[in-house]
$ cat input_27.cif   # mmCIF, N, CA and C atoms
data_final
#
loop_
_atom_site.label_atom_id
_atom_site.label_comp_id
_atom_site.auth_asym_id
_atom_site.auth_seq_id
_atom_site.Cartn_x
_atom_site.Cartn_y
_atom_site.Cartn_z
N MET A 28 18.36 -211.40 -10.00
CA MET A 28 18.13 -212.52 -10.89
C MET A 28 18.33 -213.83 -10.11
N ASN A 29 17.37 -214.70 -10.16
CA ASN A 29 17.45 -215.99 -9.48
C ASN A 29 18.12 -217.01 -10.39
N THR A 30 18.96 -217.84 -9.82
CA THR A 30 19.65 -218.88 -10.56
C THR A 30 19.28 -220.23 -9.96
N LEU A 31 18.95 -221.17 -10.82
CA LEU A 31 18.64 -222.51 -10.38
C LEU A 31 19.95 -223.28 -10.25
N THR A 32 20.24 -223.82 -9.09
CA THR A 32 21.51 -224.48 -8.82
C THR A 32 21.39 -226.00 -8.86
N ARG A 33 22.54 -226.65 -8.87
CA ARG A 33 22.55 -228.12 -8.81
C ARG A 33 21.88 -228.60 -7.53
N ALA A 34 22.15 -227.91 -6.44
CA ALA A 34 21.55 -228.30 -5.16
C ALA A 34 20.03 -228.22 -5.23
N GLN A 35 19.50 -227.18 -5.86
CA GLN A 35 18.05 -227.05 -6.00
C GLN A 35 17.49 -228.13 -6.92
N LEU A 36 18.20 -228.45 -7.99
CA LEU A 36 17.76 -229.52 -8.88
C LEU A 36 17.77 -230.86 -8.15
N THR A 37 18.82 -231.10 -7.37
CA THR A 37 18.91 -232.33 -6.57
C THR A 37 17.73 -232.41 -5.61
N GLU A 38 17.41 -231.31 -4.95
CA GLU A 38 16.30 -231.27 -4.01
C GLU A 38 14.97 -231.54 -4.71
N ALA A 39 14.81 -231.00 -5.93
CA ALA A 39 13.59 -231.22 -6.70
C ALA A 39 13.45 -232.69 -7.09
N ILE A 40 14.56 -233.33 -7.47
CA ILE A 40 14.54 -234.76 -7.79
C ILE A 40 14.16 -235.55 -6.54
N TYR A 41 14.77 -235.20 -5.43
CA TYR A 41 14.49 -235.87 -4.15
C TYR A 41 13.01 -235.77 -3.81
N ALA A 42 12.44 -234.57 -3.94
CA ALA A 42 11.04 -234.34 -3.56
C ALA A 42 10.07 -235.01 -4.54
N THR A 43 10.42 -235.04 -5.81
CA THR A 43 9.51 -235.54 -6.83
C THR A 43 9.59 -237.05 -7.02
N VAL A 44 10.81 -237.55 -7.11
CA VAL A 44 11.01 -238.97 -7.44
C VAL A 44 11.02 -239.84 -6.20
N GLY A 45 11.49 -239.30 -5.09
CA GLY A 45 11.51 -240.08 -3.86
C GLY A 45 12.81 -240.83 -3.63
N LEU A 46 13.83 -240.55 -4.42
CA LEU A 46 15.14 -241.14 -4.16
C LEU A 46 15.75 -240.45 -2.94
N SER A 47 16.78 -241.04 -2.37
CA SER A 47 17.47 -240.36 -1.27
C SER A 47 18.18 -239.13 -1.84
N ARG A 48 18.61 -238.24 -0.96
CA ARG A 48 19.32 -237.05 -1.43
C ARG A 48 20.61 -237.42 -2.16
N ASN A 49 21.33 -238.41 -1.64
CA ASN A 49 22.57 -238.85 -2.30
C ASN A 49 22.28 -239.47 -3.67
N GLU A 50 21.25 -240.30 -3.74
CA GLU A 50 20.87 -240.90 -5.03
C GLU A 50 20.40 -239.83 -6.01
N SER A 51 19.68 -238.82 -5.52
CA SER A 51 19.23 -237.73 -6.37
C SER A 51 20.41 -236.95 -6.92
N ALA A 52 21.39 -236.67 -6.07
CA ALA A 52 22.60 -235.96 -6.51
C ALA A 52 23.36 -236.79 -7.53
N ASP A 53 23.48 -238.10 -7.29
CA ASP A 53 24.17 -238.99 -8.23
C ASP A 53 23.45 -239.03 -9.58
N LEU A 54 22.12 -239.09 -9.54
CA LEU A 54 21.33 -239.10 -10.77
C LEU A 54 21.57 -237.82 -11.58
N LEU A 55 21.50 -236.68 -10.92
CA LEU A 55 21.72 -235.41 -11.59
C LEU A 55 23.13 -235.35 -12.19
N GLU A 56 24.14 -235.71 -11.40
CA GLU A 56 25.52 -235.67 -11.89
C GLU A 56 25.72 -236.61 -13.07
N SER A 57 25.08 -237.78 -13.01
CA SER A 57 25.17 -238.75 -14.11
C SER A 57 24.55 -238.18 -15.38
N MET A 58 23.37 -237.56 -15.25
CA MET A 58 22.72 -236.94 -16.40
C MET A 58 23.58 -235.85 -17.02
N LEU A 59 24.07 -234.95 -16.18
CA LEU A 59 24.88 -233.84 -16.68
C LEU A 59 26.17 -234.34 -17.33
N SER A 60 26.75 -235.38 -16.75
CA SER A 60 27.97 -235.96 -17.30
C SER A 60 27.72 -236.59 -18.67
N ARG A 61 26.62 -237.30 -18.81
CA ARG A 61 26.29 -237.92 -20.10
C ARG A 61 26.04 -236.88 -21.16
N ILE A 62 25.36 -235.79 -20.79
CA ILE A 62 25.12 -234.70 -21.75
C ILE A 62 26.45 -234.08 -22.17
N ALA A 63 27.31 -233.77 -21.19
CA ALA A 63 28.61 -233.17 -21.49
C ALA A 63 29.46 -234.08 -22.35
N ASP A 64 29.47 -235.39 -22.04
CA ASP A 64 30.26 -236.34 -22.83
C ASP A 64 29.80 -236.39 -24.28
N ALA A 65 28.49 -236.40 -24.49
CA ALA A 65 27.94 -236.44 -25.85
C ALA A 65 28.34 -235.18 -26.62
N LEU A 66 28.23 -234.02 -25.97
CA LEU A 66 28.59 -232.77 -26.63
C LEU A 66 30.09 -232.70 -26.93
N THR A 67 30.90 -233.24 -26.02
CA THR A 67 32.35 -233.23 -26.20
C THR A 67 32.77 -233.98 -27.46
N ILE A 68 32.08 -235.07 -27.78
CA ILE A 68 32.44 -235.82 -28.98
C ILE A 68 31.66 -235.36 -30.22
N GLY A 69 30.92 -234.26 -30.09
CA GLY A 69 30.26 -233.65 -31.24
C GLY A 69 28.84 -234.09 -31.49
N LYS A 70 28.25 -234.89 -30.60
CA LYS A 70 26.86 -235.31 -30.78
C LYS A 70 25.92 -234.21 -30.29
N SER A 71 24.72 -234.18 -30.85
CA SER A 71 23.68 -233.28 -30.37
C SER A 71 22.91 -233.98 -29.27
N VAL A 72 22.33 -233.20 -28.36
CA VAL A 72 21.52 -233.75 -27.28
C VAL A 72 20.15 -233.10 -27.37
N LYS A 73 19.14 -233.92 -27.65
CA LYS A 73 17.77 -233.41 -27.77
C LYS A 73 16.97 -233.88 -26.57
N ILE A 74 16.38 -232.91 -25.86
CA ILE A 74 15.50 -233.22 -24.74
C ILE A 74 14.11 -232.78 -25.17
N SER A 75 13.26 -233.77 -25.44
CA SER A 75 11.94 -233.50 -25.98
C SER A 75 11.17 -232.53 -25.09
N GLY A 76 10.58 -231.51 -25.70
CA GLY A 76 9.79 -230.53 -24.96
C GLY A 76 10.65 -229.45 -24.30
N PHE A 77 11.98 -229.58 -24.41
CA PHE A 77 12.88 -228.60 -23.79
C PHE A 77 13.74 -227.92 -24.84
N GLY A 78 14.51 -228.70 -25.58
CA GLY A 78 15.34 -228.12 -26.62
C GLY A 78 16.48 -229.03 -27.02
N THR A 79 17.35 -228.49 -27.88
CA THR A 79 18.47 -229.25 -28.41
C THR A 79 19.77 -228.51 -28.16
N PHE A 80 20.73 -229.22 -27.58
CA PHE A 80 22.08 -228.70 -27.41
C PHE A 80 22.92 -229.29 -28.55
N SER A 81 23.74 -228.47 -29.18
CA SER A 81 24.62 -228.99 -30.22
C SER A 81 25.91 -228.17 -30.23
N VAL A 82 26.91 -228.74 -30.89
CA VAL A 82 28.21 -228.09 -31.01
C VAL A 82 28.36 -227.65 -32.47
N ARG A 83 28.75 -226.40 -32.66
CA ARG A 83 28.93 -225.86 -34.00
C ARG A 83 30.37 -225.42 -34.17
N GLN A 84 30.92 -225.67 -35.33
CA GLN A 84 32.29 -225.26 -35.62
C GLN A 84 32.26 -223.85 -36.23
N LYS A 85 33.01 -222.94 -35.64
CA LYS A 85 33.14 -221.59 -36.19
C LYS A 85 34.50 -221.49 -36.85
N GLY A 86 34.54 -220.96 -38.04
CA GLY A 86 35.79 -220.86 -38.79
C GLY A 86 36.62 -219.66 -38.36
N ARG A 87 37.83 -219.62 -38.90
CA ARG A 87 38.73 -218.50 -38.66
C ARG A 87 38.12 -217.25 -39.28
N ARG A 88 38.23 -216.15 -38.55
CA ARG A 88 37.71 -214.89 -39.08
C ARG A 88 38.52 -213.74 -38.51
N VAL A 89 38.28 -212.56 -39.05
CA VAL A 89 39.01 -211.38 -38.59
C VAL A 89 38.08 -210.56 -37.71
N GLY A 90 38.54 -210.25 -36.50
CA GLY A 90 37.80 -209.38 -35.60
C GLY A 90 38.51 -208.05 -35.48
N ARG A 91 37.94 -207.17 -34.70
CA ARG A 91 38.52 -205.85 -34.54
C ARG A 91 38.50 -205.47 -33.06
N ASN A 92 39.64 -205.00 -32.57
CA ASN A 92 39.73 -204.50 -31.19
C ASN A 92 38.91 -203.22 -31.12
N PRO A 93 37.85 -203.18 -30.28
CA PRO A 93 36.99 -201.99 -30.26
C PRO A 93 37.69 -200.73 -29.76
N LYS A 94 38.73 -200.89 -28.93
CA LYS A 94 39.43 -199.70 -28.42
C LYS A 94 40.37 -199.09 -29.46
N THR A 95 41.13 -199.96 -30.11
CA THR A 95 42.17 -199.46 -31.02
C THR A 95 41.78 -199.54 -32.49
N GLY A 96 40.81 -200.39 -32.82
CA GLY A 96 40.42 -200.56 -34.21
C GLY A 96 41.34 -201.50 -34.97
N VAL A 97 42.33 -202.07 -34.30
CA VAL A 97 43.28 -202.97 -34.94
C VAL A 97 42.60 -204.31 -35.22
N GLU A 98 42.83 -204.82 -36.44
CA GLU A 98 42.26 -206.11 -36.80
C GLU A 98 43.03 -207.22 -36.08
N VAL A 99 42.29 -208.21 -35.59
CA VAL A 99 42.87 -209.32 -34.86
C VAL A 99 42.29 -210.62 -35.41
N PRO A 100 43.14 -211.62 -35.71
CA PRO A 100 42.58 -212.90 -36.19
C PRO A 100 41.91 -213.66 -35.04
N ILE A 101 40.74 -214.20 -35.31
CA ILE A 101 40.03 -215.03 -34.33
C ILE A 101 40.15 -216.46 -34.83
N LEU A 102 40.75 -217.32 -34.02
CA LEU A 102 41.02 -218.69 -34.43
C LEU A 102 39.74 -219.52 -34.50
N PRO A 103 39.76 -220.59 -35.31
CA PRO A 103 38.59 -221.48 -35.37
C PRO A 103 38.33 -222.10 -34.00
N ARG A 104 37.07 -222.32 -33.70
CA ARG A 104 36.73 -222.93 -32.42
C ARG A 104 35.36 -223.58 -32.50
N ARG A 105 35.08 -224.41 -31.50
CA ARG A 105 33.77 -225.04 -31.39
C ARG A 105 32.97 -224.27 -30.35
N VAL A 106 31.68 -224.05 -30.64
CA VAL A 106 30.82 -223.33 -29.71
C VAL A 106 29.58 -224.16 -29.42
N LEU A 107 29.09 -224.04 -28.20
CA LEU A 107 27.89 -224.73 -27.78
C LEU A 107 26.67 -223.89 -28.14
N VAL A 108 25.69 -224.52 -28.75
CA VAL A 108 24.48 -223.83 -29.19
C VAL A 108 23.28 -224.52 -28.55
N PHE A 109 22.34 -223.74 -28.05
CA PHE A 109 21.10 -224.29 -27.52
C PHE A 109 19.95 -223.73 -28.32
N ARG A 110 19.09 -224.62 -28.81
CA ARG A 110 17.90 -224.21 -29.54
C ARG A 110 16.68 -224.69 -28.75
N PRO A 111 15.95 -223.77 -28.14
CA PRO A 111 14.80 -224.18 -27.32
C PRO A 111 13.68 -224.75 -28.18
N SER A 112 12.91 -225.67 -27.59
CA SER A 112 11.75 -226.23 -28.29
C SER A 112 10.65 -225.18 -28.32
N GLN A 113 9.67 -225.40 -29.17
CA GLN A 113 8.54 -224.48 -29.25
C GLN A 113 7.77 -224.47 -27.94
N MET A 114 7.67 -225.63 -27.27
CA MET A 114 6.98 -225.69 -25.98
C MET A 114 7.67 -224.80 -24.94
N LEU A 115 9.01 -224.84 -24.91
CA LEU A 115 9.75 -224.01 -23.97
C LEU A 115 9.60 -222.53 -24.31
N ARG A 116 9.67 -222.22 -25.60
CA ARG A 116 9.47 -220.82 -26.02
C ARG A 116 8.10 -220.30 -25.60
N ASP A 117 7.08 -221.13 -25.81
CA ASP A 117 5.73 -220.72 -25.43
C ASP A 117 5.63 -220.52 -23.92
N ALA A 118 6.24 -221.42 -23.14
CA ALA A 118 6.19 -221.31 -21.68
C ALA A 118 6.90 -220.05 -21.20
N VAL A 119 8.03 -219.73 -21.82
CA VAL A 119 8.79 -218.53 -21.43
C VAL A 119 8.01 -217.26 -21.78
N ASN A 120 7.28 -217.30 -22.87
CA ASN A 120 6.55 -216.11 -23.32
C ASN A 120 5.15 -215.99 -22.73
N THR A 121 4.74 -216.94 -21.91
CA THR A 121 3.46 -216.86 -21.23
C THR A 121 3.59 -215.87 -20.07
N PRO A 122 2.61 -214.99 -19.90
CA PRO A 122 2.70 -214.05 -18.77
C PRO A 122 2.90 -214.78 -17.45
N ALA A 123 3.72 -214.22 -16.57
CA ALA A 123 4.10 -214.85 -15.31
C ALA A 123 2.89 -215.18 -14.43
N SER A 124 1.84 -214.39 -14.51
CA SER A 124 0.69 -214.61 -13.65
C SER A 124 -0.06 -215.89 -13.98
N THR A 125 0.10 -216.42 -15.22
CA THR A 125 -0.63 -217.62 -15.60
C THR A 125 0.26 -218.84 -15.69
N SER A 126 1.59 -218.67 -15.61
CA SER A 126 2.46 -219.84 -15.71
C SER A 126 2.70 -220.44 -14.34
N PRO A 127 2.87 -221.76 -14.28
CA PRO A 127 3.14 -222.39 -12.98
C PRO A 127 4.49 -221.97 -12.44
N SER A 128 4.59 -221.83 -11.13
CA SER A 128 5.83 -221.41 -10.49
C SER A 128 6.83 -222.54 -10.53
N THR A 129 8.11 -222.19 -10.81
CA THR A 129 9.19 -223.19 -10.81
C THR A 129 10.15 -222.96 -9.67
N GLU A 130 9.86 -222.00 -8.80
CA GLU A 130 10.75 -221.74 -7.69
C GLU A 130 10.47 -222.71 -6.56
N HIS A 131 11.54 -223.19 -5.93
CA HIS A 131 11.42 -224.12 -4.81
C HIS A 131 12.11 -223.55 -3.62
#
$ encode --input "input_27.cif" --output "structure tokens"
Amino acid sequence: MNTLTRAQLTEAIYATVGLSRNESADLLESMLSRIADALTIGKSVKISGFGTFSVRQKGRRVGRNPKTGVEVPILPRRVLVFRPSQMLRDAVNTPASTSPSTEH
């Protein structure tokens, strides 16, 4: 399984936008930081044509230990949710032979 890394994203910004490598890295870090900050305070982040990141509150519930069967309380928590846009869904479901390559 291939993973797209920050270094690869930085390189793509460098190649596409024409900023220096340091400026490209700073731009990427700034973007990721702004997204994380917004999610931390409970805001949703919508990237048109890509999807929406949001934080959802999950309430207290009872879970079960699969080994022992003992019920265990699961405390309330916030979870990150990503909902892809229809454009992204369509791109992912397009056969690989017809979709443009994203590997660099």
$ atom_distance --input "input_27.cif" --atom1 "atom C of A:Glu98" --atom2 "atom C of A:Gln84"
19.8 Å
$ axis_aligned_box --input "input_27.cif" --around "stretch 85-92 of chain A" --padding-each-side "8 Å" --output "lines of an AutoDock Vina configuration file"
center_x = 36.4
center_y = -213.1
center_z = -35.2
size_x = 22.7
size_y = 35.7
size_z = 24.2
$ residues_around --input "input_27.cif" --residues "stretch 30-43 of chain A" --least-positions-apart "4" --cutoff "12 Å" --atoms "only C-alpha atoms" --output "short mmCIF file (atom, residue, chain, number, x, y, z; two decimals) with N, CA and C atoms, in the frame of the given file"
data_model
loop_
_atom_site.label_atom_id
_atom_site.label_comp_id
_atom_site.auth_asym_id
_atom_site.auth_seq_id
_atom_site.Cartn_x
_atom_site.Cartn_y
_atom_site.Cartn_z
N SER A 47 16.78 -241.04 -2.37
CA SER A 47 17.47 -240.36 -1.27
C SER A 47 18.18 -239.13 -1.84
N ARG A 48 18.61 -238.24 -0.96
CA ARG A 48 19.32 -237.05 -1.43
C ARG A 48 20.61 -237.42 -2.16
N ASN A 49 21.33 -238.41 -1.64
CA ASN A 49 22.57 -238.85 -2.30
C ASN A 49 22.28 -239.47 -3.67
N GLU A 50 21.25 -240.30 -3.74
CA GLU A 50 20.87 -240.90 -5.03
C GLU A 50 20.40 -239.83 -6.01
N SER A 51 19.68 -238.82 -5.52
CA SER A 51 19.23 -237.73 -6.37
C SER A 51 20.41 -236.95 -6.92
N ALA A 52 21.39 -236.67 -6.07
CA ALA A 52 22.60 -235.96 -6.51
C ALA A 52 23.36 -236.79 -7.53
N ASP A 53 23.48 -238.10 -7.29
CA ASP A 53 24.17 -238.99 -8.23
C ASP A 53 23.45 -239.03 -9.58
N LEU A 54 22.12 -239.09 -9.54
CA LEU A 54 21.33 -239.10 -10.77
C LEU A 54 21.57 -237.82 -11.58
N LEU A 55 21.50 -236.68 -10.92
CA LEU A 55 21.72 -235.41 -11.59
C LEU A 55 23.13 -235.35 -12.19
N GLU A 56 24.14 -235.71 -11.40
CA GLU A 56 25.52 -235.67 -11.89
C GLU A 56 25.72 -236.61 -13.07
N SER A 57 25.08 -237.78 -13.01
CA SER A 57 25.17 -238.75 -14.11
C SER A 57 24.55 -238.18 -15.38
N MET A 58 23.37 -237.56 -15.25
CA MET A 58 22.72 -236.94 -16.40
C MET A 58 23.58 -235.85 -17.02
N LEU A 59 24.07 -234.95 -16.18
CA LEU A 59 24.88 -233.84 -16.68
C LEU A 59 26.17 -234.34 -17.33
N THR A 129 8.11 -222.19 -10.81
CA THR A 129 9.19 -223.19 -10.81
C THR A 129 10.15 -222.96 -9.67
N GLU A 130 9.86 -222.00 -8.80
CA GLU A 130 10.75 -221.74 -7.69
C GLU A 130 10.47 -222.71 -6.56
N HIS A 131 11.54 -223.19 -5.93
CA HIS A 131 11.42 -224.12 -4.81
C HIS A 131 12.11 -223.55 -3.62
#
$ residues_around --input "input_27.cif" --residues "A:Leu115" --least-positions-apart "2" --cutoff "12 Å" --atoms "only C-alpha atoms" --output "list in words"
Ile74, Ser75, Gly76, Phe77, Gly78, Thr79, Phe109, Arg110, Pro111, Ser112, Gln113, Asp117, Ala118, Val119, Asn120, Thr121 and Ser126 of chain A
$ atom_distance --input "input_27.cif" --atom1 "atom CA of A:Gly69" --atom2 "atom CA of A:Arg83"
8.4 Å
$ closest_residue --input "input_27.cif" --among "A:Ile68, A:Val44, A:Thr95, A:Val82" --to "A:Leu107" --atoms "only N, CA and C atoms"
A:Val82
$ select_by_dssp --input "input_27.cif" --residues "chain A" --states "alpha helix (DSSP H)" --output "VMD selection string"
chain A and resid 33 to 44 48 to 67 113 to 120
$ closest_residue --input "input_27.cif" --among "A:Val97, A:Val108, A:Asn92, A:Leu102" --to "A:Ser71" --atoms "only C-alpha atoms"
A:Val108
$ atom_distance --input "input_27.cif" --atom1 "atom N of A:Ile101" --atom2 "atom N of A:Arg87"
7.1 Å
$ residues_around --input "input_27.cif" --residues "A:Thr67" --least-positions-apart "5" --cutoff "12 Å" --atoms "only C-alpha atoms" --output "list in words"
Ser60, Arg61, Ile62, Val72, Phe80, Ser81, Val82, Arg83, Arg105, Val106 and Leu107 of chain A
